[in-house]
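**Q** So here's entry.cif (mmCIF, C-alpha atoms).
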```
data_my_file
#
loop_
_atom_site.label_atom_id
_atom_site.label_comp_id
_atom_site.auth_asym_id
_atom_site.auth_seq_id
_atom_site.Cartn_x
_atom_site.Cartn_y
_atom_site.Cartn_z
CA MET A 1 -3.32 -44.69 -185.25
CA GLY A 2 -0.49 -43.72 -187.56
CA SER A 3 2.04 -43.81 -184.77
CA VAL A 4 1.04 -47.32 -183.76
CA ALA A 5 1.31 -48.51 -187.34
CA ALA A 6 4.71 -46.87 -187.69
CA LEU A 7 5.86 -48.52 -184.48
CA ALA A 8 4.58 -51.89 -185.61
CA ALA A 9 6.55 -51.51 -188.83
CA THR A 10 9.78 -50.90 -186.97
CA GLY A 11 9.10 -53.44 -184.21
CA ALA A 12 11.17 -53.07 -181.06
CA GLY A 13 13.24 -50.46 -182.90
CA GLY A 14 10.30 -48.13 -182.31
CA LEU A 15 11.51 -47.71 -178.75
CA LEU A 16 14.59 -46.02 -180.11
CA ARG A 17 12.54 -43.14 -181.50
CA SER A 18 13.99 -39.79 -180.55
CA ALA A 19 12.35 -37.56 -178.00
CA GLU A 20 11.63 -35.15 -180.86
CA SER A 21 9.54 -37.69 -182.75
CA TRP A 22 7.60 -38.51 -179.57
CA ALA A 23 6.85 -34.83 -179.15
CA ALA A 24 5.79 -34.54 -182.80
CA ASN A 25 3.28 -37.36 -182.29
CA TRP A 26 1.68 -35.61 -179.28
CA ASN A 27 -1.75 -34.08 -179.99
CA LYS A 28 -0.67 -30.51 -179.13
CA ALA A 29 -3.83 -28.93 -180.58
CA GLY A 30 -6.07 -31.20 -178.53
CA PHE A 31 -4.18 -31.02 -175.24
CA GLU A 32 -3.88 -27.22 -175.42
CA SER A 33 -7.56 -26.70 -176.30
CA LYS A 34 -9.74 -25.06 -173.65
CA ALA A 35 -13.01 -25.66 -175.51
CA LEU A 36 -14.54 -29.09 -175.71
CA ALA A 37 -15.50 -28.61 -179.36
CA ASP A 38 -11.83 -28.03 -180.24
CA VAL A 39 -10.82 -31.16 -178.32
CA LEU A 40 -13.35 -33.23 -180.27
CA LYS A 41 -12.16 -31.69 -183.53
CA SER A 42 -8.52 -32.54 -182.73
CA LEU A 43 -9.54 -36.17 -182.26
CA GLY A 44 -11.58 -36.19 -185.47
CA ALA A 45 -14.62 -36.94 -183.28
CA ALA A 46 -16.90 -33.95 -183.88
CA ASN A 47 -20.15 -35.86 -183.32
CA PRO A 48 -19.53 -39.01 -181.25
CA VAL A 49 -22.51 -41.37 -180.81
CA GLU A 50 -23.62 -42.11 -177.23
CA SER A 51 -22.95 -45.76 -176.41
CA ARG A 52 -23.97 -48.03 -173.54
CA ASP A 53 -21.12 -50.35 -174.49
CA ILE A 54 -18.63 -47.98 -172.86
CA VAL A 55 -18.36 -48.28 -169.08
CA ILE A 56 -16.69 -45.55 -167.05
CA THR A 57 -15.64 -46.62 -163.58
CA ALA A 58 -15.03 -43.51 -161.47
CA PRO A 59 -16.17 -42.37 -158.02
CA ASP A 60 -19.46 -40.40 -157.73
CA ILE A 61 -17.72 -38.22 -155.16
CA ALA A 62 -13.94 -37.81 -155.20
CA GLU A 63 -12.21 -37.55 -151.84
CA ASN A 64 -8.97 -36.35 -153.40
CA SER A 65 -9.29 -34.11 -156.45
CA ALA A 66 -5.61 -34.68 -157.30
CA LEU A 67 -6.15 -38.43 -157.57
CA VAL A 68 -9.44 -39.41 -159.18
CA PRO A 69 -9.29 -43.01 -160.39
CA VAL A 70 -10.86 -43.43 -163.82
CA ALA A 71 -11.21 -46.73 -165.67
CA VAL A 72 -12.78 -47.07 -169.11
CA THR A 73 -13.95 -50.40 -170.53
CA SER A 74 -15.15 -50.49 -174.13
CA LYS A 75 -17.16 -53.51 -175.26
CA ILE A 76 -17.35 -52.07 -178.77
CA PRO A 77 -15.64 -54.50 -181.19
CA ASN A 78 -12.35 -53.33 -182.69
CA THR A 79 -11.80 -50.56 -180.15
CA GLN A 80 -8.71 -48.72 -181.43
CA GLN A 81 -8.51 -45.70 -179.18
CA ILE A 82 -9.86 -44.42 -175.84
CA SER A 83 -9.65 -40.74 -174.86
CA ILE A 84 -10.51 -39.42 -171.41
CA VAL A 85 -11.85 -35.87 -171.06
CA ALA A 86 -12.62 -33.96 -167.85
CA GLU A 87 -15.19 -31.54 -169.24
CA LYS A 88 -14.58 -28.65 -166.82
CA ASN A 89 -10.82 -28.90 -166.43
CA PRO A 90 -8.93 -25.86 -167.80
CA PHE A 91 -7.63 -28.16 -170.55
CA PRO A 92 -10.34 -30.82 -170.92
CA LEU A 93 -8.41 -33.51 -172.83
CA ALA A 94 -6.50 -35.56 -170.24
CA ALA A 95 -5.29 -38.61 -172.13
CA THR A 96 -5.56 -40.63 -175.32
CA PHE A 97 -4.71 -44.33 -175.41
CA GLU A 98 -4.25 -46.09 -178.75
CA MET A 99 -4.39 -49.85 -178.68
CA THR A 100 -3.40 -52.38 -181.31
CA SER A 101 -5.01 -55.81 -181.57
CA GLY A 102 -2.91 -56.95 -178.61
CA ALA A 103 -4.53 -54.71 -176.00
CA GLU A 104 -8.12 -55.04 -174.81
CA GLY A 105 -10.47 -52.04 -174.85
CA TYR A 106 -9.65 -51.21 -171.27
CA VAL A 107 -7.53 -48.68 -169.48
CA ARG A 108 -7.26 -47.30 -165.99
CA THR A 109 -5.37 -44.28 -164.69
CA ASP A 110 -5.86 -41.35 -162.28
CA LEU A 111 -6.72 -37.72 -163.04
CA LYS A 112 -6.53 -34.32 -161.39
CA MET A 113 -9.85 -32.51 -161.51
CA GLY A 114 -10.33 -28.80 -160.84
CA GLN A 115 -14.05 -29.03 -160.07
CA THR A 116 -17.16 -31.19 -160.27
CA SER A 117 -17.47 -32.31 -163.88
CA ASP A 118 -18.58 -34.95 -166.31
CA ILE A 119 -15.85 -37.36 -167.36
CA TRP A 120 -16.14 -38.27 -171.04
CA ALA A 121 -14.79 -41.47 -172.49
CA ILE A 122 -14.47 -41.14 -176.25
CA VAL A 123 -13.91 -44.42 -178.06
CA LYS A 124 -12.78 -44.91 -181.64
CA ALA A 125 -13.76 -48.27 -183.13
CA ASP A 126 -13.64 -49.20 -186.82
CA GLY A 127 -12.98 -45.53 -187.52
CA LYS A 128 -16.21 -44.35 -185.81
CA PHE A 129 -16.46 -42.39 -182.57
CA TYR A 130 -18.61 -43.20 -179.54
CA VAL A 131 -18.98 -41.49 -176.16
CA ALA A 132 -20.13 -42.14 -172.60
CA LYS A 133 -20.22 -39.67 -169.70
CA SER A 134 -20.13 -40.00 -165.92
CA GLU A 135 -20.24 -37.21 -163.34
CA VAL A 136 -17.61 -36.95 -160.60
CA LYS A 137 -18.34 -34.55 -157.74
CA ILE A 138 -15.31 -32.79 -156.30
CA THR A 139 -15.79 -31.66 -152.70
CA VAL A 140 -12.55 -29.65 -152.37
CA GLY A 141 -10.92 -27.95 -155.36
CA GLY A 142 -7.22 -28.44 -155.92
CA CYS A 143 -5.83 -28.75 -159.39
CA GLY A 144 -2.47 -27.91 -157.84
CA MET B 145 17.44 -39.99 -164.30
CA ALA B 146 13.97 -40.70 -163.00
CA ASP B 147 13.31 -43.49 -160.52
CA PRO B 148 12.40 -46.92 -161.93
CA MET B 149 8.80 -47.74 -162.72
CA ARG B 150 7.04 -50.50 -160.90
CA ILE B 151 5.51 -52.95 -163.38
CA ARG B 152 3.47 -56.00 -162.48
CA ALA B 153 2.13 -58.29 -165.19
CA THR B 154 0.02 -61.25 -164.10
CA LEU B 155 -1.60 -63.81 -166.36
CA GLN B 156 -5.36 -64.38 -166.15
CA GLY B 157 -6.21 -67.03 -168.72
CA ASP B 158 -4.42 -65.78 -171.85
CA VAL B 159 -4.71 -62.13 -170.83
CA ALA B 160 -1.90 -60.32 -169.02
CA ASP B 161 -3.17 -57.86 -166.43
CA VAL B 162 -0.49 -55.14 -166.56
CA ARG B 163 -0.18 -52.57 -163.75
CA ILE B 164 2.39 -49.80 -164.08
CA ILE B 165 3.35 -47.05 -161.65
CA MET B 166 5.66 -44.34 -163.03
CA MET B 167 7.62 -42.04 -160.75
CA HIS B 168 7.04 -38.51 -162.01
CA PRO B 169 5.98 -35.18 -160.41
CA MET B 170 3.43 -34.39 -163.20
CA GLU B 171 3.60 -30.65 -162.48
CA THR B 172 0.70 -28.63 -163.91
CA GLY B 173 2.61 -25.35 -164.08
CA ASN B 174 0.13 -23.81 -161.60
CA ARG B 175 1.66 -24.97 -158.33
CA LYS B 176 3.92 -22.72 -156.25
CA ASP B 177 6.79 -24.04 -154.16
CA ALA B 178 7.55 -23.06 -150.53
CA LYS B 179 9.25 -19.85 -151.71
CA GLY B 180 6.19 -18.84 -153.73
CA ASP B 181 7.86 -19.51 -157.09
CA VAL B 182 5.78 -21.20 -159.79
CA VAL B 183 6.92 -24.77 -160.44
CA PRO B 184 7.24 -25.13 -164.24
CA LEU B 185 5.06 -27.46 -166.30
CA HIS B 186 6.68 -30.92 -166.19
CA PHE B 187 4.71 -33.99 -167.22
CA ILE B 188 4.85 -37.28 -169.10
CA GLN B 189 3.58 -36.77 -172.66
CA SER B 190 3.96 -40.22 -174.20
CA VAL B 191 3.92 -43.80 -172.96
CA VAL B 192 4.49 -46.87 -175.13
CA VAL B 193 3.86 -50.39 -173.85
CA THR B 194 5.22 -53.38 -175.76
CA HIS B 195 4.62 -57.11 -175.38
CA ASN B 196 7.59 -59.18 -176.57
CA GLY B 197 8.81 -56.14 -178.49
CA ARG B 198 5.46 -55.57 -180.24
CA PRO B 199 3.68 -52.30 -179.38
CA VAL B 200 0.29 -52.88 -177.73
CA MET B 201 -0.48 -49.40 -176.40
CA ASP B 202 0.62 -45.89 -177.33
CA ALA B 203 -0.63 -43.26 -174.88
CA GLN B 204 -0.52 -39.48 -175.03
CA TRP B 205 -1.09 -37.55 -171.81
CA SER B 206 -1.69 -34.04 -170.53
CA GLN B 207 -0.63 -32.60 -167.19
CA ALA B 208 -4.04 -33.64 -165.79
CA VAL B 209 -2.80 -37.18 -165.16
CA SER B 210 -1.98 -37.55 -161.46
CA ARG B 211 1.47 -37.45 -159.85
CA ASN B 212 3.31 -40.79 -159.96
CA PRO B 213 0.88 -42.00 -162.62
CA ARG B 214 -0.72 -45.40 -162.65
CA LEU B 215 -1.57 -47.10 -165.92
CA PHE B 216 -3.43 -50.40 -166.00
CA LEU B 217 -4.08 -52.30 -169.22
CA ARG B 218 -4.83 -55.83 -170.40
CA VAL B 219 -2.86 -57.62 -173.12
CA LYS B 220 -4.40 -60.53 -175.01
CA GLY B 221 -2.52 -63.60 -176.21
CA ALA B 222 0.06 -63.48 -173.43
CA LYS B 223 2.06 -66.29 -171.86
CA ALA B 224 3.96 -66.52 -168.58
CA GLY B 225 7.63 -65.64 -168.98
CA GLU B 226 7.04 -63.18 -171.84
CA ARG B 227 8.18 -59.60 -171.46
CA VAL B 228 6.30 -56.35 -171.07
CA SER B 229 8.30 -53.17 -171.64
CA VAL B 230 7.22 -49.61 -170.88
CA THR B 231 8.84 -46.37 -172.08
CA TRP B 232 7.75 -42.86 -171.13
CA VAL B 233 8.96 -39.49 -172.43
CA ASP B 234 8.17 -36.18 -170.73
CA ASN B 235 7.86 -32.61 -172.02
CA LYS B 236 11.52 -31.92 -171.18
CA GLY B 237 12.67 -34.86 -173.28
CA ASP B 238 13.56 -37.00 -170.26
CA LYS B 239 12.72 -40.66 -170.77
CA ARG B 240 12.81 -43.96 -168.99
CA THR B 241 12.30 -47.61 -170.03
CA ASP B 242 11.63 -50.53 -167.69
CA GLU B 243 10.41 -54.05 -168.24
CA ALA B 244 8.84 -56.96 -166.40
CA VAL B 245 8.27 -60.65 -166.97
CA ILE B 246 4.66 -61.88 -167.11
CA MET B 247 3.99 -64.00 -164.02
CA PRO B 248 1.66 -67.01 -164.01
CA SER B 249 -1.61 -66.52 -162.15
CA SER B 250 -1.24 -67.48 -158.51
#
```
Translate the structure of the given file into C-alpha cells.
**A**
Amino acid sequence: MGSVAALAATGAGGLLRSAESWAANWNKAGFESKALADVLKSLGAANPVESRDIVITAPDIAENSALVPVAVTSKIPNTQQISIVAEKNPFPLAATFEMTSGAEGYVRTDLKMGQTSDIWAIVKADGKFYVAKSEVKITVGGCG
Amino acid sequence: MADPMRIRATLQGDVADVRIIMMHPMETGNRKDAKGDVVPLHFIQSVVVTHNGRPVMDAQWSQAVSRNPRLFLRVKGAKAGERVSVTWVDNKGDKRTDEAVIMPSS
C-alpha cells in the first residue's frame, strides 16, 4: 500500500523511479518463502477469513502446467490488494496486485504450476484479509 | 531492449477493460538450455499501470508467472481517448514502458 501512496504523491513522476527502488519495494521475504505460513506472515495476513465474495476463475484440470490462467474477482468493498498463491509450488507466492480506487477488484494472469494444488486468492480490504481457494489438477508436471 | 508490450484498452460503460501482454522469458532458474547449462533466473518483478498518469495498479511478481505474461485489469472512471501506460522492471534491472489509448466500445 505504501508504494501506491508514494506513487500517487509523485504522480506520473513515479514512473521515473529507479530500478533500485522498484527492487526495494519487492516483497523478497514473501516471494522467497517456501512455507505457506511465512508467505502469509510477509503479507501481514496470518489468519485470513474465508470469503464467498472472492471468485477464483481457473481450470479444474490444466492442460499446460506452464500456462494456467487464473482470474480473481473480489466483490469485497474497498479491495486494496489481491495476492495469488499456488500452495504446492516450490515458492508458493506467485503475485501480489495492489489497486488504488481507480482499479476494480479484478485481475487475471497466467501461472506456472509444478503439481496439482490449491490456488489461494488472498484479498486485503479495509485493512482486513480474506481468502478463497480453488484446486487445479495438473496432469503433466513441468515447472520448467 | 525487450520487445514492445501489446496493450489493448477498451471502454465498457465507464470501465476500461485493459489487456496487456509483456514479452519476457520469465525464466525460473531451473530450466536447462540445449547444452545442458542452467538458464539463470530472469523474471519481471514489478509492474505499474497508470491511467492518465495516475497509478491504478502496482504488481509484484515471482518467477511463477508464465512466459510472455498476460495481465488483465479493469479501470473505473475511464473515457475513450485517455491513456493507459504500463511499466515493468525485471530482476536484472531491465525495464520497459509502453502505452495505449482507450478505445470506445465497438
**Q** Can you list, as number ranges by chain, every protein, DNA or RNA residue that comes within 6 Å of Thr194 of chain B when you count all atoms listed in the file, leaving out same-chain residues fewer than 5 positions away?
**A** B: 199-200, 228-229
**Q** Please determine the contact residues of chain B with respect to chain A at a cut-off of 6 Å, counting all atoms listed in the file, and supply them as a PDB file with C-alpha atoms, in the coordinates of the input.
**A**
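The result, written out as selection.pdb:
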```
ATOM      1  CA  ARG B 175       1.660 -24.970-158.330  1.00  0.00           C
ATOM      2  CA  GLY B 197       8.810 -56.140-178.490  1.00  0.00           C
ATOM      3  CA  ARG B 198       5.460 -55.570-180.240  1.00  0.00           C
ATOM      4  CA  VAL B 200       0.290 -52.880-177.730  1.00  0.00           C
ATOM      5  CA  MET B 201      -0.480 -49.400-176.400  1.00  0.00           C
ATOM      6  CA  ASP B 202       0.620 -45.890-177.330  1.00  0.00           C
ATOM      7  CA  ALA B 203      -0.630 -43.260-174.880  1.00  0.00           C
ATOM      8  CA  GLN B 204      -0.520 -39.480-175.030  1.00  0.00           C
ATOM      9  CA  TRP B 205      -1.090 -37.550-171.810  1.00  0.00           C
ATOM     10  CA  SER B 206      -1.690 -34.040-170.530  1.00  0.00           C
ATOM     11  CA  ALA B 208      -4.040 -33.640-165.790  1.00  0.00           C
ATOM     12  CA  VAL B 209      -2.800 -37.180-165.160  1.00  0.00           C
ATOM     13  CA  SER B 210      -1.980 -37.550-161.460  1.00  0.00           C
ATOM     14  CA  ARG B 214      -0.720 -45.400-162.650  1.00  0.00           C
ATOM     15  CA  LEU B 215      -1.570 -47.100-165.920  1.00  0.00           C
ATOM     16  CA  PHE B 216      -3.430 -50.400-166.000  1.00  0.00           C
ATOM     17  CA  LEU B 217      -4.080 -52.300-169.220  1.00  0.00           C
ATOM     18  CA  ARG B 218      -4.830 -55.830-170.400  1.00  0.00           C
ATOM     19  CA  VAL B 219      -2.860 -57.620-173.120  1.00  0.00           C
ATOM     20  CA  LYS B 220      -4.400 -60.530-175.010  1.00  0.00           C
ATOM     21  CA  GLY B 237      12.670 -34.860-173.280  1.00  0.00           C
TER      22      GLY B 237
END
```
**Q** Report as a ChimeraX atom specification the full result of the PyMOL selection byres ((chain B and resi 190) around 6) when it is applied to this structure.
**A** /B:188-189,191,203-204,232-233
**Q** Using the chain letters and numbers from this file, what does the PyMOL selection byres ((chain B and resi 230) around 6) select? Give the answer as a list of chain:residue names.
**A** B:Val192, B:Val193, B:Ser229, B:Thr231, B:Thr241, B:Asp242
**Q** Got a sec to resolve the PyMOL selection byres ((chain A and resi 131) around 12) on this structure and send the residues as a PyMOL selection string?
**A** chain A and resi 40+45-56+72-74+76+81-85+118-125+128-130+132-134
**Q** Some atoms are missing, so please complete segment 172-189 of chain B with N, CA and C atoms and return it as a compact mmCIF listing (two decimals), in the coordinates of the input.
**A**
```txt
# COMPACT_ATOMS: atom_id res chain seq x y z
N THR B 172 1.66 -29.28 -163.01
CA THR B 172 0.70 -28.63 -163.91
C THR B 172 1.15 -27.25 -164.38
N GLY B 173 2.20 -26.72 -163.74
CA GLY B 173 2.61 -25.35 -164.08
C GLY B 173 1.83 -24.30 -163.30
N ASN B 174 0.91 -24.75 -162.42
CA ASN B 174 0.13 -23.81 -161.60
C ASN B 174 0.60 -23.78 -160.15
N ARG B 175 1.31 -24.83 -159.74
CA ARG B 175 1.66 -24.97 -158.33
C ARG B 175 2.83 -24.06 -157.96
N LYS B 176 2.79 -23.53 -156.74
CA LYS B 176 3.92 -22.72 -156.25
C LYS B 176 4.67 -23.50 -155.18
N ASP B 177 6.00 -23.34 -155.17
CA ASP B 177 6.79 -24.04 -154.16
C ASP B 177 6.79 -23.23 -152.86
N ALA B 178 7.56 -23.69 -151.86
CA ALA B 178 7.55 -23.06 -150.53
C ALA B 178 7.97 -21.59 -150.59
N LYS B 179 8.79 -21.24 -151.58
CA LYS B 179 9.25 -19.85 -151.71
C LYS B 179 8.24 -18.98 -152.46
N GLY B 180 7.19 -19.60 -152.98
CA GLY B 180 6.19 -18.84 -153.73
C GLY B 180 6.50 -18.78 -155.22
N ASP B 181 7.54 -19.48 -155.65
CA ASP B 181 7.86 -19.51 -157.09
C ASP B 181 7.02 -20.57 -157.80
N VAL B 182 6.57 -20.25 -159.01
CA VAL B 182 5.78 -21.20 -159.79
C VAL B 182 6.68 -22.36 -160.23
N VAL B 183 6.20 -23.58 -159.99
CA VAL B 183 6.92 -24.77 -160.44
C VAL B 183 6.56 -25.00 -161.91
N PRO B 184 7.56 -25.04 -162.81
CA PRO B 184 7.24 -25.13 -164.24
C PRO B 184 6.51 -26.43 -164.62
N LEU B 185 5.76 -26.31 -165.71
CA LEU B 185 5.06 -27.46 -166.30
C LEU B 185 6.06 -28.60 -166.54
N HIS B 186 5.77 -29.77 -166.02
CA HIS B 186 6.68 -30.92 -166.19
C HIS B 186 5.85 -32.19 -166.09
N PHE B 187 5.62 -32.84 -167.22
CA PHE B 187 4.71 -33.99 -167.22
C PHE B 187 5.05 -34.98 -168.31
N ILE B 188 4.66 -36.22 -168.10
CA ILE B 188 4.85 -37.28 -169.10
C ILE B 188 3.87 -37.03 -170.25
N GLN B 189 4.41 -37.00 -171.48
CA GLN B 189 3.58 -36.77 -172.66
C GLN B 189 3.23 -38.05 -173.39
```
